[in-house]
>>> print(open('structure-v6.tsv').read())   # TSV, C-alpha atoms
chain	number	residue	atom	x	y	z
A	1	MET	CA	-147.94	178.88	-98.70
A	2	THR	CA	-146.00	180.81	-96.13
A	3	THR	CA	-142.36	180.21	-95.31
A	4	VAL	CA	-141.10	180.85	-91.84
A	5	ASP	CA	-137.59	182.10	-91.58
A	6	THR	CA	-136.12	180.32	-88.56
A	7	ALA	CA	-132.57	181.65	-89.00
A	8	PRO	CA	-132.95	184.75	-86.79
A	9	ARG	CA	-134.51	182.72	-84.02
A	10	ARG	CA	-131.66	180.23	-84.19
A	11	ALA	CA	-129.11	183.04	-84.05
A	12	THR	CA	-130.83	184.49	-80.99
A	13	LEU	CA	-130.76	181.10	-79.31
A	14	ILE	CA	-127.05	180.72	-80.00
A	15	ALA	CA	-126.37	184.21	-78.70
A	16	TYR	CA	-128.17	183.45	-75.44
A	17	ALA	CA	-126.50	180.05	-75.12
A	18	GLY	CA	-123.24	181.92	-75.57
A	19	THR	CA	-124.19	184.29	-72.77
A	20	ALA	CA	-124.89	181.38	-70.43
A	21	GLY	CA	-121.61	179.71	-71.33
A	22	ARG	CA	-119.70	182.96	-70.98
A	23	LEU	CA	-121.10	183.60	-67.50
A	24	LEU	CA	-120.47	180.02	-66.37
A	25	LEU	CA	-116.89	179.93	-67.67
A	26	GLY	CA	-116.11	183.41	-66.38
A	27	GLY	CA	-117.63	182.65	-62.99
A	28	VAL	CA	-115.64	179.44	-62.56
A	29	LEU	CA	-112.37	181.12	-63.56
A	30	LEU	CA	-112.98	184.11	-61.30
A	31	TYR	CA	-113.81	181.81	-58.39
A	32	ALA	CA	-110.74	179.65	-59.05
A	33	GLY	CA	-108.51	182.74	-59.13
A	34	LEU	CA	-109.97	184.27	-55.96
A	35	ALA	CA	-109.63	180.95	-54.13
A	36	LYS	CA	-105.89	180.90	-54.87
A	37	ILE	CA	-104.94	184.57	-54.64
A	38	GLY	CA	-104.73	184.70	-50.83
A	39	ASP	CA	-102.03	182.03	-50.61
A	40	PRO	CA	-99.55	182.24	-53.50
A	41	ALA	CA	-97.16	179.86	-51.70
A	42	ALA	CA	-99.85	177.16	-51.78
A	43	SER	CA	-100.62	177.95	-55.41
A	44	ILE	CA	-96.93	177.44	-56.24
A	45	ARG	CA	-96.84	174.16	-54.29
A	46	ALA	CA	-99.89	173.00	-56.23
A	47	VAL	CA	-98.03	173.61	-59.50
A	48	LYS	CA	-94.92	171.88	-58.15
A	49	ALA	CA	-97.03	168.88	-57.10
A	50	TYR	CA	-97.55	168.02	-60.77
A	51	GLN	CA	-93.76	167.65	-61.10
A	52	LEU	CA	-93.83	168.91	-64.67
A	53	LEU	CA	-91.92	172.19	-64.41
A	54	PRO	CA	-88.56	173.07	-62.90
A	55	SER	CA	-88.81	174.81	-59.55
A	56	GLN	CA	-88.30	178.37	-60.84
A	57	ALA	CA	-90.82	177.98	-63.66
A	58	ALA	CA	-93.35	176.47	-61.26
A	59	GLU	CA	-92.97	179.53	-59.03
A	60	VAL	CA	-93.70	181.90	-61.92
A	61	VAL	CA	-96.71	179.88	-63.06
A	62	GLY	CA	-98.05	179.47	-59.52
A	63	ALA	CA	-97.72	183.19	-58.78
A	64	ALA	CA	-99.15	184.37	-62.12
A	65	LEU	CA	-102.02	181.90	-62.51
A	66	PRO	CA	-104.47	183.28	-59.91
A	67	MET	CA	-104.24	186.81	-61.35
A	68	ILE	CA	-104.59	185.54	-64.92
A	69	GLU	CA	-107.66	183.52	-63.98
A	70	ILE	CA	-109.22	186.56	-62.32
A	71	ALA	CA	-108.48	188.80	-65.33
A	72	VAL	CA	-109.86	186.31	-67.87
A	73	GLY	CA	-112.84	185.57	-65.64
A	74	LEU	CA	-113.72	189.26	-65.39
A	75	LEU	CA	-113.42	189.79	-69.15
A	76	LEU	CA	-115.79	186.88	-69.74
A	77	LEU	CA	-118.31	187.98	-67.12
A	78	VAL	CA	-118.42	191.48	-68.60
A	79	GLY	CA	-118.28	190.14	-72.14
A	80	LEU	CA	-115.38	192.33	-73.23
A	81	ALA	CA	-113.02	191.04	-75.92
A	82	THR	CA	-114.88	187.76	-75.63
A	83	ARG	CA	-112.98	185.98	-78.38
A	84	VAL	CA	-109.59	186.75	-76.83
A	85	ALA	CA	-110.78	185.86	-73.32
A	86	ALA	CA	-112.33	182.62	-74.56
A	87	GLY	CA	-109.13	181.79	-76.44
A	88	ALA	CA	-107.07	182.42	-73.31
A	89	SER	CA	-109.42	180.20	-71.26
A	90	ALA	CA	-109.12	177.47	-73.88
A	91	VAL	CA	-105.33	177.60	-73.55
A	92	LEU	CA	-105.53	177.52	-69.73
A	93	LEU	CA	-108.04	174.66	-69.67
A	94	SER	CA	-106.02	172.63	-72.18
A	95	CYS	CA	-103.02	172.96	-69.87
A	96	PHE	CA	-105.15	171.92	-66.87
A	97	VAL	CA	-106.46	168.85	-68.68
A	98	ALA	CA	-102.98	167.89	-69.85
A	99	GLY	CA	-101.58	168.37	-66.33
A	100	VAL	CA	-104.22	166.26	-64.62
A	101	VAL	CA	-104.07	163.51	-67.25
A	102	SER	CA	-100.29	163.37	-66.92
A	103	ALA	CA	-100.50	163.23	-63.11
A	104	TRP	CA	-103.06	160.47	-63.47
A	105	ALA	CA	-100.90	158.54	-65.94
A	106	ARG	CA	-97.85	158.81	-63.69
A	107	GLY	CA	-99.83	157.56	-60.71
A	108	LEU	CA	-99.27	160.71	-58.63
A	109	ARG	CA	-101.54	161.10	-55.65
A	110	ILE	CA	-102.20	164.84	-55.66
A	111	ASP	CA	-105.03	167.28	-55.33
A	112	CYS	CA	-105.57	169.23	-58.57
A	113	GLY	CA	-105.23	172.55	-56.75
A	114	CYS	CA	-107.93	173.94	-59.01
A	115	PHE	CA	-109.65	175.97	-56.32
A	116	GLY	CA	-106.81	176.68	-53.90
A	117	GLY	CA	-104.83	174.37	-51.66
A	118	GLY	CA	-101.25	173.29	-52.03
A	119	GLY	CA	-101.77	170.18	-54.13
A	120	GLN	CA	-101.43	167.75	-51.23
A	121	LEU	CA	-104.15	165.29	-50.44
A	122	GLY	CA	-105.29	164.69	-46.90
A	123	ALA	CA	-104.53	161.27	-45.43
A	124	THR	CA	-108.07	160.06	-45.98
A	125	GLU	CA	-108.62	161.67	-49.40
A	126	SER	CA	-108.06	160.00	-52.72
A	127	PRO	CA	-107.54	161.75	-56.05
A	128	ASP	CA	-110.56	162.16	-58.29
A	129	TYR	CA	-108.90	162.73	-61.64
A	130	GLY	CA	-111.85	161.57	-63.75
A	131	THR	CA	-114.18	164.26	-62.43
A	132	HIS	CA	-111.52	166.91	-62.87
A	133	VAL	CA	-110.84	165.94	-66.47
A	134	ALA	CA	-114.56	165.83	-67.27
A	135	ARG	CA	-115.15	169.26	-65.72
A	136	SER	CA	-112.19	170.86	-67.46
A	137	ALA	CA	-113.14	169.27	-70.77
A	138	ALA	CA	-116.71	170.58	-70.49
A	139	LEU	CA	-115.43	174.09	-69.77
A	140	LEU	CA	-112.96	173.74	-72.64
A	141	ALA	CA	-115.87	172.95	-74.97
A	142	ILE	CA	-117.64	176.11	-73.81
A	143	ALA	CA	-114.47	178.16	-74.34
A	144	LEU	CA	-114.04	176.82	-77.88
A	145	PHE	CA	-117.71	177.52	-78.65
A	146	LEU	CA	-117.16	181.14	-77.58
A	147	VAL	CA	-114.02	181.43	-79.70
A	148	PHE	CA	-116.13	180.63	-82.76
A	149	ARG	CA	-119.28	182.46	-81.63
A	150	PRO	CA	-118.00	185.36	-79.54
A	151	ARG	CA	-121.11	187.51	-80.08
A	152	THR	CA	-123.34	186.96	-77.08
A	153	ARG	CA	-126.23	188.85	-75.51
A	154	LEU	CA	-125.80	191.16	-72.53
A	155	SER	CA	-122.13	191.72	-73.25
A	156	ALA	CA	-119.90	194.77	-73.36
A	157	ASP	CA	-118.93	193.73	-76.88
A	158	ALA	CA	-122.58	193.88	-78.01
A	159	ARG	CA	-123.01	197.23	-76.35
A	160	LEU	CA	-120.01	198.69	-78.12
A	161	ALA	CA	-121.34	197.33	-81.40
A	162	ARG	CA	-124.74	198.92	-80.76
A	163	GLU	CA	-123.14	202.26	-80.13
A	164	ASP	CA	-121.70	201.95	-83.61
A	165	GLY	CA	-125.25	201.43	-84.86
A	166	PHE	CA	-124.37	197.85	-85.63
A	167	ARG	CA	-126.65	195.04	-84.58
B	168	MET	CA	-132.46	205.12	-111.29
B	169	ASN	CA	-131.19	208.60	-111.99
B	170	ASN	CA	-127.64	209.76	-111.55
B	171	ALA	CA	-128.21	211.59	-108.24
B	172	ALA	CA	-129.70	208.48	-106.63
B	173	LYS	CA	-126.78	206.38	-107.87
B	174	GLN	CA	-124.29	208.80	-106.39
B	175	LYS	CA	-126.12	208.82	-103.09
B	176	ALA	CA	-126.11	205.01	-102.91
B	177	ALA	CA	-122.41	204.90	-103.70
B	178	ALA	CA	-121.64	207.42	-100.99
B	179	GLN	CA	-123.65	205.43	-98.50
B	180	ARG	CA	-121.77	202.26	-99.39
B	181	ALA	CA	-118.47	204.07	-98.94
B	182	ASN	CA	-119.62	205.34	-95.56
B	183	GLU	CA	-120.59	201.86	-94.46
B	184	ARG	CA	-117.27	200.46	-95.60
B	185	ARG	CA	-115.46	203.14	-93.62
B	186	ALA	CA	-117.54	202.45	-90.54
B	187	GLN	CA	-116.88	198.73	-90.86
B	188	GLU	CA	-113.15	199.30	-91.25
B	189	GLN	CA	-113.24	201.49	-88.14
B	190	ARG	CA	-115.09	198.81	-86.19
B	191	ARG	CA	-112.60	196.20	-87.23
B	192	ARG	CA	-109.68	198.36	-86.17
B	193	ARG	CA	-111.36	199.14	-82.86
B	194	ASN	CA	-111.98	195.45	-82.18
B	195	ARG	CA	-108.39	194.61	-83.00
B	196	TRP	CA	-107.16	197.20	-80.54
B	197	LEU	CA	-109.61	195.97	-77.95
B	198	SER	CA	-108.25	192.42	-78.37
B	199	VAL	CA	-104.66	193.59	-78.06
B	200	ILE	CA	-105.43	195.62	-74.94
B	201	ALA	CA	-107.39	192.75	-73.37
B	202	LEU	CA	-104.54	190.32	-74.02
B	203	ALA	CA	-102.05	192.81	-72.61
B	204	GLY	CA	-104.29	193.15	-69.55
B	205	VAL	CA	-104.32	189.40	-68.98
B	206	VAL	CA	-100.54	189.12	-69.37
B	207	GLY	CA	-100.08	192.22	-67.20
B	208	ALA	CA	-102.25	190.70	-64.45
B	209	GLY	CA	-100.00	187.63	-64.48
B	210	LEU	CA	-96.89	189.78	-64.27
B	211	ILE	CA	-98.36	191.67	-61.33
B	212	GLY	CA	-98.92	188.34	-59.60
B	213	VAL	CA	-95.29	187.35	-60.14
B	214	ALA	CA	-94.03	190.78	-59.06
B	215	LEU	CA	-96.08	190.68	-55.85
B	216	TRP	CA	-94.72	187.22	-55.08
B	217	GLU	CA	-91.13	188.28	-55.74
B	218	ALA	CA	-91.56	191.40	-53.60
B	219	ASP	CA	-92.92	189.28	-50.78
B	220	LYS	CA	-89.96	186.89	-50.81
B	221	PRO	CA	-87.70	187.22	-47.78
B	222	ALA	CA	-84.27	188.61	-48.63
B	223	ALA	CA	-82.33	186.41	-46.22
B	224	VAL	CA	-83.72	183.35	-44.45
B	225	ALA	CA	-82.50	182.65	-40.93
B	226	VAL	CA	-81.60	178.97	-40.48
B	227	PRO	CA	-81.45	177.16	-37.09
B	228	ALA	CA	-78.10	176.26	-35.55
B	229	SER	CA	-78.10	172.49	-36.06
B	230	VAL	CA	-79.51	171.54	-39.45
B	231	THR	CA	-78.77	169.08	-42.24
B	232	GLU	CA	-76.55	170.14	-45.13
B	233	ASP	CA	-79.51	171.40	-47.18
B	234	GLY	CA	-80.54	173.58	-44.25
B	235	ALA	CA	-84.08	172.20	-44.07
B	236	GLY	CA	-83.76	169.13	-41.83
B	237	LEU	CA	-83.31	168.80	-38.07
B	238	PRO	CA	-80.97	165.85	-37.44
B	239	VAL	CA	-81.08	163.61	-34.38
B	240	GLY	CA	-78.38	160.96	-33.86
B	241	THR	CA	-75.47	160.03	-36.08
B	242	GLY	CA	-76.20	156.48	-37.25
B	243	PRO	CA	-75.43	155.24	-40.78
B	244	VAL	CA	-79.02	154.84	-42.01
B	245	THR	CA	-80.88	158.11	-42.62
B	246	VAL	CA	-84.58	158.22	-41.75
B	247	GLU	CA	-86.21	161.46	-42.94
B	248	VAL	CA	-89.68	162.36	-41.71
B	249	TYR	CA	-91.65	165.12	-43.44
B	250	MET	CA	-94.41	166.25	-41.14
B	251	ASP	CA	-96.81	169.04	-40.35
B	252	PHE	CA	-97.40	169.66	-36.64
B	253	LEU	CA	-101.15	169.82	-37.28
B	254	CYS	CA	-101.46	166.60	-39.28
B	255	PRO	CA	-103.21	163.80	-37.35
B	256	ALA	CA	-101.54	161.05	-39.42
B	257	CYS	CA	-98.18	162.59	-38.45
B	258	ARG	CA	-99.09	162.30	-34.78
B	259	GLN	CA	-100.18	158.70	-35.24
B	260	PHE	CA	-96.97	157.87	-37.05
B	261	ASP	CA	-94.84	159.66	-34.46
B	262	GLN	CA	-96.46	157.83	-31.59
B	263	ALA	CA	-96.37	154.45	-33.29
B	264	ALA	CA	-92.78	154.70	-34.52
B	265	ARG	CA	-91.16	156.62	-31.67
B	266	PRO	CA	-90.31	153.69	-29.33
B	267	LEU	CA	-88.73	151.85	-32.24
B	268	LEU	CA	-86.82	154.89	-33.53
B	269	ASP	CA	-85.61	155.61	-29.99
B	270	GLU	CA	-84.11	152.11	-29.87
B	271	TYR	CA	-82.36	152.56	-33.20
B	272	LEU	CA	-81.08	155.94	-32.02
B	273	ALA	CA	-79.80	154.41	-28.77
B	274	ASP	CA	-77.93	151.78	-30.83
B	275	ASP	CA	-76.59	154.56	-33.05
B	276	ALA	CA	-78.07	152.69	-36.00
B	277	ILE	CA	-79.90	155.62	-37.60
B	278	GLU	CA	-79.77	159.35	-38.11
B	279	LEU	CA	-83.32	160.62	-37.69
B	280	VAL	CA	-84.01	163.80	-39.66
B	281	TYR	CA	-87.16	165.77	-38.94
B	282	ARG	CA	-88.28	167.82	-41.89
B	283	PRO	CA	-91.06	169.99	-40.49
B	284	ILE	CA	-93.17	171.71	-43.16
B	285	ALA	CA	-96.33	173.82	-43.12
B	286	ILE	CA	-98.98	172.67	-45.55
B	287	LEU	CA	-101.97	173.00	-43.24
B	288	ASP	CA	-101.87	176.72	-42.47
B	289	ARG	CA	-105.41	177.05	-43.77
B	290	ALA	CA	-106.70	174.49	-41.28
B	291	THR	CA	-106.17	176.85	-38.34
B	292	THR	CA	-107.09	180.50	-37.99
B	293	THR	CA	-103.59	181.43	-36.78
B	294	GLU	CA	-101.30	179.63	-39.24
B	295	PHE	CA	-100.35	177.26	-36.45
B	296	SER	CA	-98.44	174.98	-38.84
B	297	THR	CA	-95.97	177.68	-39.81
B	298	ARG	CA	-95.56	178.94	-36.23
B	299	ALA	CA	-94.93	175.40	-35.01
B	300	VAL	CA	-92.23	174.82	-37.65
B	301	SER	CA	-90.58	178.09	-36.63
B	302	ALA	CA	-90.68	176.99	-32.99
B	303	ALA	CA	-89.13	173.65	-33.98
B	304	GLY	CA	-86.24	175.65	-35.42
B	305	CYS	CA	-85.93	177.44	-32.08
B	306	ALA	CA	-85.85	174.08	-30.29
B	307	ALA	CA	-83.14	172.88	-32.70
B	308	ASP	CA	-81.03	175.89	-31.71
B	309	GLU	CA	-80.87	174.31	-28.27
B	310	GLY	CA	-80.40	170.79	-29.64
B	311	ARG	CA	-83.79	169.54	-28.53
B	312	SER	CA	-85.72	168.91	-31.76
B	313	ASP	CA	-86.61	165.34	-30.85
B	314	GLU	CA	-88.04	166.23	-27.44
B	315	PHE	CA	-89.92	169.19	-28.91
B	316	VAL	CA	-91.48	167.14	-31.72
B	317	ALA	CA	-92.60	164.53	-29.20
B	318	VAL	CA	-94.30	166.98	-26.87
B	319	MET	CA	-95.91	168.89	-29.75
B	320	MET	CA	-97.32	165.70	-31.25
B	321	THR	CA	-98.70	164.58	-27.90
B	322	ASN	CA	-100.43	167.94	-27.50
B	323	GLN	CA	-101.51	168.37	-31.10
B	324	PRO	CA	-104.46	170.76	-31.53
B	325	ALA	CA	-107.42	169.85	-33.72
B	326	GLU	CA	-107.84	171.06	-37.29
B	327	GLY	CA	-110.37	173.84	-37.72
B	328	THR	CA	-109.41	175.55	-34.47
B	329	ALA	CA	-107.03	178.39	-33.60
B	330	GLY	CA	-104.30	175.85	-32.88
B	331	LEU	CA	-101.89	176.46	-30.01
B	332	SER	CA	-100.92	180.02	-29.12
B	333	ASP	CA	-97.26	181.02	-29.03
B	334	GLU	CA	-97.50	181.03	-25.22
B	335	GLN	CA	-98.79	177.47	-25.18
B	336	ILE	CA	-96.01	176.39	-27.54
B	337	VAL	CA	-93.46	178.01	-25.21
B	338	GLN	CA	-94.93	176.17	-22.21
B	339	LEU	CA	-94.69	172.86	-24.06
B	340	GLY	CA	-91.12	173.67	-25.09
B	341	VAL	CA	-90.14	174.41	-21.49
B	342	SER	CA	-91.68	171.11	-20.41
B	343	ALA	CA	-89.44	169.46	-23.03
B	344	GLY	CA	-86.38	170.97	-21.36
B	345	LEU	CA	-85.90	174.13	-23.41
B	346	ASP	CA	-84.61	177.30	-21.84
B	347	GLY	CA	-87.68	179.41	-21.14
B	348	GLU	CA	-86.31	182.85	-21.89
B	349	THR	CA	-84.31	182.06	-25.03
B	350	PHE	CA	-87.03	179.87	-26.48
B	351	GLU	CA	-89.79	182.36	-25.71
B	352	GLN	CA	-87.88	185.17	-27.40
B	353	CYS	CA	-87.18	183.03	-30.47
B	354	VAL	CA	-90.82	181.95	-30.79
B	355	ALA	CA	-92.19	185.44	-30.17
B	356	ASP	CA	-89.84	186.92	-32.80
B	357	GLY	CA	-90.98	184.34	-35.35
B	358	THR	CA	-87.27	183.83	-36.02
B	359	TYR	CA	-87.75	180.86	-38.35
B	360	ILE	CA	-91.09	181.73	-39.96
B	361	ASP	CA	-89.42	182.32	-43.34
B	362	TRP	CA	-87.45	179.11	-42.89
B	363	ALA	CA	-90.78	177.27	-42.56
B	364	GLY	CA	-91.87	178.67	-45.93
B	365	GLU	CA	-88.57	177.69	-47.57
B	366	ASN	CA	-88.77	174.13	-46.24
B	367	THR	CA	-92.33	173.73	-47.45
B	368	GLY	CA	-91.44	174.91	-50.95
B	369	ALA	CA	-88.37	172.64	-51.02
B	370	ALA	CA	-90.50	169.65	-50.01
B	371	ALA	CA	-92.84	170.32	-52.94
B	372	ASP	CA	-89.76	170.47	-55.20
B	373	ARG	CA	-88.75	167.02	-53.99
B	374	GLY	CA	-92.21	165.70	-54.84
B	375	VAL	CA	-93.48	165.29	-51.29
B	376	GLN	CA	-97.22	164.91	-51.84
B	377	GLY	CA	-98.45	164.93	-48.28
B	378	THR	CA	-97.54	164.33	-44.67
B	379	PRO	CA	-96.17	162.23	-43.18
B	380	THR	CA	-93.74	161.25	-45.91
B	381	VAL	CA	-90.85	159.08	-44.77
B	382	TYR	CA	-87.61	158.44	-46.62
B	383	VAL	CA	-85.22	155.70	-45.54
B	384	ASP	CA	-81.79	156.30	-47.11
B	385	GLY	CA	-83.46	158.34	-49.84
B	386	GLU	CA	-86.18	155.82	-50.67
B	387	VAL	CA	-89.82	156.72	-49.99
B	388	LEU	CA	-91.52	154.42	-47.54
B	389	ALA	CA	-94.55	153.24	-49.52
B	390	ALA	CA	-96.58	151.92	-46.60
B	391	LEU	CA	-96.68	153.97	-43.43
B	392	SER	CA	-96.46	151.16	-40.88
B	393	VAL	CA	-93.94	150.31	-38.19
B	394	GLU	CA	-93.33	146.96	-39.91
B	395	ALA	CA	-92.54	148.63	-43.22
B	396	LEU	CA	-90.25	151.09	-41.42
B	397	VAL	CA	-88.37	148.28	-39.67
B	398	ALA	CA	-88.03	146.38	-42.93
B	399	ALA	CA	-86.70	149.43	-44.73
B	400	ILE	CA	-84.17	150.25	-41.99
B	401	GLU	CA	-82.99	146.63	-41.75
B	402	ASN	CA	-82.67	146.52	-45.53
B	403	ALA	CA	-80.61	149.69	-45.61
B	404	ALA	CA	-78.36	148.69	-42.72
>>> encode(input="structure-v6.tsv", output="structure tokens")
Amino acid sequence: MTTVDTAPRRATLIAYAGTAGRLLLGGVLLYAGLAKIGDPAASIRAVKAYQLLPSQAAEVVGAALPMIEIAVGLLLLVGLATRVAAGASAVLLSCFVAGVVSAWARGLRIDCGCFGGGGQLGATESPDYGTHVARSAALLAIALFLVFRPRTRLSADARLAREDGFR
Amino acid sequence: MNNAAKQKAAAQRANERRAQEQRRRRNRWLSVIALAGVVGAGLIGVALWEADKPAAVAVPASVTEDGAGLPVGTGPVTVEVYMDFLCPACRQFDQAARPLLDEYLADDAIELVYRPIAILDRATTTEFSTRAVSAAGCAADEGRSDEFVAVMMTNQPAEGTAGLSDEQIVQLGVSAGLDGETFEQCVADGTYIDWAGENTGAAADRGVQGTPTVYVDGEVLAALSVEALVAAIENAA
């Protein structure tokens, strides 16, 4: 009787799934940051539209968020300090989910401002909170997965580990 | 196993432990640096925004107390209209409500306050929304906000275009009775460009979620119809 050890194959699968998740999450964050960076005033308005923070705090968040998204997105795409970057994304996405759910619950009619724009809806548009929550929640799941399994293939982290002779 | 082999194995284990400890320390540092990089990126964003803020914002001559509204008339009921010069719904509202508002103004029943903001800068290639708000400030300097809003709404450019040029805005202003030279200078200088930004931010602070947004004596008009507007004004009077 021969026994087949499936553990290594499973680990490889998880590592590649992690790579896919890392690239997806990083790509979305980078895109979201780049979409906002050109118009910080709109980014600030989008934060204000949620009516959750006082004006000054909303300005700081709106001005900082695009750069933070770009930084975290780049770390994830490269696969450097994956656990930290995934943790930071999880925090960001939790805030996004909470913000949209609260806007939804309060009956606000706003655009999420996820990928640029000032948070205002056009006259003919209607808010689509369900889709936003579902998308953010899916990305949050990926981020949490990466927090617990930060070792992925094709990452800077793995490369550094290999240089140490560690596989 | 002889003694030499035992010693060798022990040394190897010690080496591995050292290497592992080194790796752990390196990873910890890497995490700290990455986190600092993320926070630093955010701080850079805030610093850039702060540096870009205008030091002093020029405000038009005749404005409301908060500096962001252009008042017309002196009646007891205040009708505030938040609008973007590029927004089609704002044009529709302006054209539908204007005859009625003119009557109320003639009876001195309302104070009409235009609150021009710029939320549609991305919908033109020339930031027409902001330039139009600045020009409205110039028109207010000469006490002709109402006439200027009317002519700008009638000649509203389409979204996705370059909008109106400064020259075209000046021509429209002159046709609304503004002094050509003064108005042209004011528009060309972009005198109230920063004011436009301030107003737009202040509107977001107030919870204005789109344009047009109409307040009658501080209450948001839920339905944007002439009937609802009449009802609200009559209620407030």
>>> atom_distance(input="structure-v6.tsv", atom1="CA of Val97 (chain A)", atom2="CA of Ser136 (chain A)")
6.2 Å
>>> interface_residues(input="structure-v6.tsv", of="chain A", to="chain B", cutoff="6 Å", atoms="only C-alpha atoms", output="list in words")
Arg45, Lys48, Val60, Ala63, Ala64, Met67, Ile68, Ala71, Ala81 and Gln120 of chain A
>>> closest_residue(input="structure-v6.tsv", among="A:Ala7, A:Leu108, A:Val84, A:Leu25", to="Phe148 (chain A)", atoms="only C-alpha atoms")
A:Val84
>>> residues_around(input="structure-v6.tsv", residues="Ala404 (chain B)", least_positions_apart="2", cutoff="10 Å", atoms="only C-alpha atoms", output="list of chain:residue names")
B:Gly242, B:Pro243, B:Val244, B:Thr245, B:Ala276, B:Ile277, B:Asp384, B:Ala398, B:Ala399, B:Ile400, B:Glu401, B:Asn402
>>> atom_distance(input="structure-v6.tsv", atom1="CA of Leu391 (chain B)", atom2="CA of Asp313 (chain B)")
19.7 Å
>>> residues_around(input="structure-v6.tsv", residues="region 320-333 of chain B", least_positions_apart="3", cutoff="7 Å", atoms="only C-alpha atoms", output="MDAnalysis selection string")
chainID B and resid 252:253 258 290:293 295 316:317 336:337 354:355
>>> atom_distance(input="structure-v6.tsv", atom1="CA of Ala363 (chain B)", atom2="CA of Ala303 (chain B)")
9.5 Å
>>> closest_residue(input="structure-v6.tsv", among="A:Ile14, A:Val133, A:Leu93, A:Ala103", to="Gln51 (chain A)", atoms="all atoms listed in the file")
A:Ala103
>>> closest_residue(input="structure-v6.tsv", among="A:Ile142, A:Leu23, A:Gly113, A:Tyr129", to="Lys36 (chain A)", atoms="all atoms listed in the file")
A:Gly113
>>> residues_around(input="structure-v6.tsv", residues="Leu140 (chain A)", least_positions_apart="5", cutoff="9 Å", atoms="all atoms listed in the file", output="MDAnalysis selection string")
chainID A and resid 25 89:94 135 145
>>> residues_near_point(input="structure-v6.tsv", point="(-80.4, 176.5, -42.3)", cutoff="10 Å", atoms="only C-alpha atoms", output="ChimeraX atom specification")
/B:224-237,304,359,362,365-366
